[in-house]
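Worksheet: one structure, shown below.
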Amino acid sequence: MLKWPPVYDAGYHPAPDQDYWFPEIETMDPAEREQTIILPKLQQQLKYAYEHSGLYQKKWDAAGVKPDDILTLDDFEAIPILTKDELRADQAEQPPFGSNLCVSYQELARVHGTSGTTGKPTAFGISKSDIQRIAETHARVQWAMGVRPDDIVFIGSFFSLYWGSWGAMLGAERLGATAFPFGAGVPGQTDRAIEWMATVKPTVFYGTPSYSLYLAERAKERGFDPARDFNFRILFFSGEPGAGVPSTRKRIEETYGAICLDSGSTGEMSPWMTDGECARRQGMHLWQDVVYAELVDPATHKRVPYGEEGVTVYTHLERNSQPMIRFWAGDLSRWVNERCACGRTYPRFPRGIYGRADDMFIVRGENVYPSAIEDVIRGIEGFSDEFRIIITREKTMDELIVQAEALPEVSAGQIGTLQNELATQLKAKGLRTIVQMLAPGSLARTEFKARRIIDKRDLYDRITHKA
């Protein structure tokens, strides 16, 4: 039986010309890896969680399932789904961490958490040993991206409760690269970032896709050419689906003259980079020997076959402080189980994560994904990188309004052509939209996750109800 939780050798580094961090594990036959690594880790994680977490004892007893019942990965589907609302309720009853904190306060290294923008914040207690394992995993994934010890990794995202920046930095440091934790969000920081990047010339960028495009837009306004004056060869992202959207990826790569890579699951599932792309850019690998990912049917919670679309559910396999078991992340994707050109044998999300189940909206009976609209807009030359989607309801019919900006160099006579082209391409995708062209710079820019959807239908419903 494997030692659990694993203790990694902090002094280990592959040779710089080696493609894999752990060659045997990453290229192993998937069935063998499931039987010899994933299932044993899962069984020990379940046993540990049941013995140390009141949340799981209560939940699994109510479902009539015990860790000893899980003899195969198919059996694992009997474990009930865990939702964010359950975590919030548990933490409200037993603040601050709820009954799922499985270690003492003395063993904790950090407190992280959600921002609380869509509900009550969720607190994450992270143990000292979990921090080491998170760093190890993020180093593995960044190594697959092509990051090496001679790189300088510019981290252009918030350093706060948000896990993303900290996780990227932990991985870079464990890998032996130079971390450049610049941050984001302070007034004037974008202009200073441009100056620092032009001076220090870091080779790797981490942030959100939206911020990288805003950063480039601002750099150009100041006379910098991101591809010439900066020095990036890799840009990797999390927090938004943009890096997996073909036209957005193309725009980022052409702007910076570097490769664009996608990564990320959720803060609850740190190490969140276990959905992480390699340098071959064939979609995000699911690093199943660290976090076991499932793509499930939203109604039955059963795994969907490879090749089909489903909703993400994740399970920690190495977490001792606050393990998530069959955690409903709610992201939409399609998965495949074909060997990647890099030689790794993990399942993949070939199109990345292209939205959240709760971000998808229905307009006149049609399912609409914001990433589909993003792909169209960013695929048409002449548009800026900002747009908004507004859903309204006039009388009983929904209206979908897409607001977009032309680039400053687009002439007044070309605006109508751009508007018609966007409406035509959206219609070809089955979307009946009203396209509104706005003046350049009208839409707010962001240094974090862009808020692109404004749903005003509930306002109409409230007014109608009062009337």
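By convention in this document, the chains of the structure tokens carry letters A, B, ... by their order, each chain's residues are numbered from 1, and ligands are numbered from 1 in the order they are shown.
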
Per DSSP on the backbone, filter region 226-410 of chain A down to the residues in alpha helix (DSSP H) and report them as an MDAnalysis selection string. chainID A and resid 226:229 246:256 370:378

Keeping only C-alpha atoms, write the selected residues to a file as a PDB file, in the first residue's frame.
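The resulting file, selection-v3.pdb, is reproduced below:
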ATOM      1  CA  PRO A 226       4.067  43.421 -25.931  1.00  0.00           C
ATOM      2  CA  ALA A 227       5.717  40.978 -28.334  1.00  0.00           C
ATOM      3  CA  ARG A 228       8.826  43.113 -28.845  1.00  0.00           C
ATOM      4  CA  ASP A 229       9.285  44.950 -25.537  1.00  0.00           C
ATOM      5  CA  PRO A 246      -9.823  29.498 -29.747  1.00  0.00           C
ATOM      6  CA  SER A 247     -10.106  33.108 -30.890  1.00  0.00           C
ATOM      7  CA  THR A 248      -9.071  34.488 -27.487  1.00  0.00           C
ATOM      8  CA  ARG A 249      -6.078  32.152 -27.380  1.00  0.00           C
ATOM      9  CA  LYS A 250      -5.091  33.214 -30.893  1.00  0.00           C
ATOM     10  CA  ARG A 251      -5.352  36.888 -29.958  1.00  0.00           C
ATOM     11  CA  ILE A 252      -3.225  36.442 -26.822  1.00  0.00           C
ATOM     12  CA  GLU A 253      -0.560  34.461 -28.678  1.00  0.00           C
ATOM     13  CA  GLU A 254      -0.356  36.938 -31.552  1.00  0.00           C
ATOM     14  CA  THR A 255      -0.265  39.889 -29.142  1.00  0.00           C
ATOM     15  CA  TYR A 256       2.552  38.556 -26.971  1.00  0.00           C
ATOM     16  CA  PRO A 370     -20.821  33.199 -23.007  1.00  0.00           C
ATOM     17  CA  SER A 371     -17.630  31.573 -24.331  1.00  0.00           C
ATOM     18  CA  ALA A 372     -19.354  30.966 -27.690  1.00  0.00           C
ATOM     19  CA  ILE A 373     -20.075  34.692 -28.034  1.00  0.00           C
ATOM     20  CA  GLU A 374     -16.518  35.509 -26.926  1.00  0.00           C
ATOM     21  CA  ASP A 375     -15.112  33.206 -29.603  1.00  0.00           C
ATOM     22  CA  VAL A 376     -17.088  34.998 -32.329  1.00  0.00           C
ATOM     23  CA  ILE A 377     -16.215  38.539 -31.226  1.00  0.00           C
ATOM     24  CA  ARG A 378     -12.509  37.875 -30.768  1.00  0.00           C
TER      25      ARG A 378
END

Please provide the set of residues having any atom within 12 Å of Asp75 (chain A), restricted to only C-alpha atoms, with same-chain residues fewer than 3 positions apart removed, written as a ChimeraX atom specification. /A:39,42-43,65-72,78-80,302-303

Hey, can you check how far CA of Ser53 (chain A) sits from CA of Gln91 (chain A)?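 Result for CA of Ser53 (chain A) versus CA of Gln91 (chain A): 12.6 Å, one decimal.
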
Residue contacts of region 187-204 of chain A (6 Å, only C-alpha atoms) excluding same-chain residues fewer than 4 positions away, as a PyMOL selection string: chain A and resi 151-154+229-235

Which neighbours of Pro305 (chain A) fall inside 12 Å, counting only C-alpha atoms, when residues of the same chain fewer than 3 positions from it are skipped, and could you give them as an mmCIF file with C-alpha atoms, in the first residue's frame?
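Done, and the output landed in result-v5.cif:
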data_model
loop_
_atom_site.group_PDB
_atom_site.id
_atom_site.type_symbol
_atom_site.label_atom_id
_atom_site.label_comp_id
_atom_site.auth_asym_id
_atom_site.auth_seq_id
_atom_site.Cartn_x
_atom_site.Cartn_y
_atom_site.Cartn_z
ATOM 1 C CA GLU A 294 -15.118 13.143 -12.993
ATOM 2 C CA LEU A 295 -17.392 14.552 -15.659
ATOM 3 C CA VAL A 296 -20.932 13.680 -14.639
ATOM 4 C CA ASP A 297 -24.479 13.929 -15.849
ATOM 5 C CA LYS A 302 -23.075 9.384 -12.882
ATOM 6 C CA GLU A 308 -19.417 13.491 -24.067
ATOM 7 C CA GLU A 309 -20.166 16.702 -22.201
ATOM 8 C CA GLY A 310 -20.800 16.896 -18.479
ATOM 9 C CA ARG A 334 -16.200 17.551 -22.730
ATOM 10 C CA TRP A 335 -13.540 14.950 -21.996
ATOM 11 C CA VAL A 336 -11.521 12.491 -24.029
ATOM 12 C CA ASN A 337 -9.125 9.690 -23.071
ATOM 13 C CA PRO A 347 -7.821 12.230 -19.729
#

Please indicate the distance in Å from CA of Thr312 (chain A) to CA of Ser270 (chain A), rounded to one decimal place.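 Result for CA of Thr312 (chain A) versus CA of Ser270 (chain A): 14.6 Å, one decimal.
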
All strand (DSSP E or B) residues (DSSP, backbone) inside region 167-392 of chain A, as a ChimeraX atom specification: /A:178-180,204-207,234-237,259-263,275-277,284-286,291-296,303,309-316,327-334,336,348-349,355-356,361-363,366-368,383-392

Restricting it to C-alpha atoms, dump the selection as a compact mmCIF listing (two decimals), in the first residue's frame.
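Dumped to out_21.txt:
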# COMPACT_ATOMS: atom_id res chain seq x y z
CA THR A 178 12.33 32.87 -10.04
CA ALA A 179 8.96 34.12 -8.82
CA PHE A 180 8.03 37.73 -9.57
CA VAL A 204 6.40 33.50 -17.99
CA PHE A 205 3.13 35.30 -17.19
CA TYR A 206 0.32 34.17 -14.89
CA GLY A 207 -3.04 35.92 -14.48
CA ILE A 234 4.68 31.22 -21.94
CA LEU A 235 1.48 32.74 -20.61
CA PHE A 236 -0.66 30.50 -18.41
CA PHE A 237 -4.02 31.39 -17.00
CA ILE A 259 2.14 30.34 -26.18
CA CYS A 260 -1.12 30.57 -24.22
CA LEU A 261 -1.94 27.74 -21.79
CA ASP A 262 -5.07 26.99 -19.79
CA SER A 263 -5.36 25.70 -16.24
CA ASP A 275 -6.71 20.71 -14.66
CA GLY A 276 -3.65 21.92 -16.54
CA GLU A 277 -2.47 22.08 -20.10
CA MET A 284 -6.18 20.51 -20.14
CA HIS A 285 -4.81 17.25 -18.74
CA LEU A 286 -6.63 15.87 -15.70
CA VAL A 291 -7.12 15.11 -7.80
CA TYR A 292 -9.57 12.61 -9.24
CA ALA A 293 -11.78 14.41 -11.75
CA GLU A 294 -15.12 13.14 -12.99
CA LEU A 295 -17.39 14.55 -15.66
CA VAL A 296 -20.93 13.68 -14.64
CA ARG A 303 -19.94 9.71 -15.00
CA GLU A 309 -20.17 16.70 -22.20
CA GLY A 310 -20.80 16.90 -18.48
CA VAL A 311 -20.25 18.82 -15.27
CA THR A 312 -17.04 18.70 -13.24
CA VAL A 313 -16.85 16.86 -9.91
CA TYR A 314 -13.52 16.61 -8.07
CA THR A 315 -12.00 14.54 -5.25
CA HIS A 316 -8.77 15.16 -3.39
CA PHE A 327 -17.14 18.21 -4.83
CA TRP A 328 -19.57 19.70 -7.33
CA ALA A 329 -17.54 22.41 -9.09
CA GLY A 330 -20.23 22.99 -11.71
CA ASP A 331 -18.00 23.64 -14.73
CA LEU A 332 -18.97 22.44 -18.20
CA SER A 333 -16.63 20.56 -20.47
CA ARG A 334 -16.20 17.55 -22.73
CA VAL A 336 -11.52 12.49 -24.03
CA ARG A 348 -8.14 15.71 -21.22
CA PHE A 349 -10.60 18.54 -21.67
CA GLY A 355 -18.35 27.78 -18.86
CA ARG A 356 -20.17 27.04 -15.66
CA PHE A 361 -28.41 30.92 -19.84
CA ILE A 362 -31.49 30.13 -21.91
CA VAL A 363 -32.87 32.69 -24.32
CA GLU A 366 -31.74 28.14 -26.78
CA ASN A 367 -28.80 27.26 -24.51
CA VAL A 368 -26.26 30.09 -24.69
CA PHE A 383 -13.18 44.61 -32.29
CA SER A 384 -11.58 45.45 -28.97
CA ASP A 385 -11.20 42.74 -26.34
CA GLU A 386 -14.12 43.93 -24.19
CA PHE A 387 -17.78 43.04 -24.61
CA ARG A 388 -20.91 42.65 -22.52
CA ILE A 389 -23.94 40.38 -22.80
CA ILE A 390 -27.22 41.86 -21.60
CA ILE A 391 -30.39 39.79 -21.36
CA THR A 392 -33.65 41.69 -21.09

Between CA of Met145 (chain A) and CA of Ala109 (chain A) - distance in Å to one decimal: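 That distance, rounded to one decimal, is 27.6 Å.
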
Nearest residue to Leu170 (chain A) from the set A:Met273, A:Val245, A:Leu82, A:Ile415 (distances using only C-alpha atoms):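 Among A:Met273, A:Val245, A:Leu82, A:Ile415, it is A:Met273 that comes nearest to Leu170 (chain A).
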
Write out as a PyMOL selection string the residues lying within 8 Å of Leu55 (chain A), counting only C-alpha atoms and excluding same-chain residues fewer than 4 positions away. chain A and resi 59+90+98-100

Those residues you just picked out, can you put them in a file as a JSON list (two decimals), in the first residue's frame with N, CA and C atoms?
[["chain", "number", "residue", "atom", "x", "y", "z"],
["A", 59, "LYS", "N", -22.84, 12.75, 6.47],
["A", 59, "LYS", "CA", -23.35, 12.70, 5.10],
["A", 59, "LYS", "C", -23.35, 11.28, 4.56],
["A", 90, "ASP", "N", -22.32, 24.11, 6.80],
["A", 90, "ASP", "CA", -21.50, 23.45, 7.81],
["A", 90, "ASP", "C", -20.62, 24.46, 8.53],
["A", 98, "GLY", "N", -15.94, 24.80, 9.86],
["A", 98, "GLY", "CA", -16.90, 23.73, 9.81],
["A", 98, "GLY", "C", -16.35, 22.44, 10.40],
["A", 99, "SER", "N", -17.10, 21.36, 10.21],
["A", 99, "SER", "CA", -16.71, 20.07, 10.78],
["A", 99, "SER", "C", -15.82, 19.26, 9.85],
["A", 100, "ASN", "N", -15.36, 19.90, 8.76],
["A", 100, "ASN", "CA", -14.53, 19.19, 7.79],
["A", 100, "ASN", "C", -13.05, 19.52, 7.92]]

Using only C-alpha atoms, which residues sit within 8 Å of Trp143 (chain A) once same-chain residues fewer than 2 positions away are excluded, as a ChimeraX atom specification? /A:19-21,139-141,145-148,175

Using only C-alpha atoms for the distances, tell me which of A:Ala439, A:Val290, A:Val304, A:Leu87 is nearest to Leu317 (chain A). A:Val290
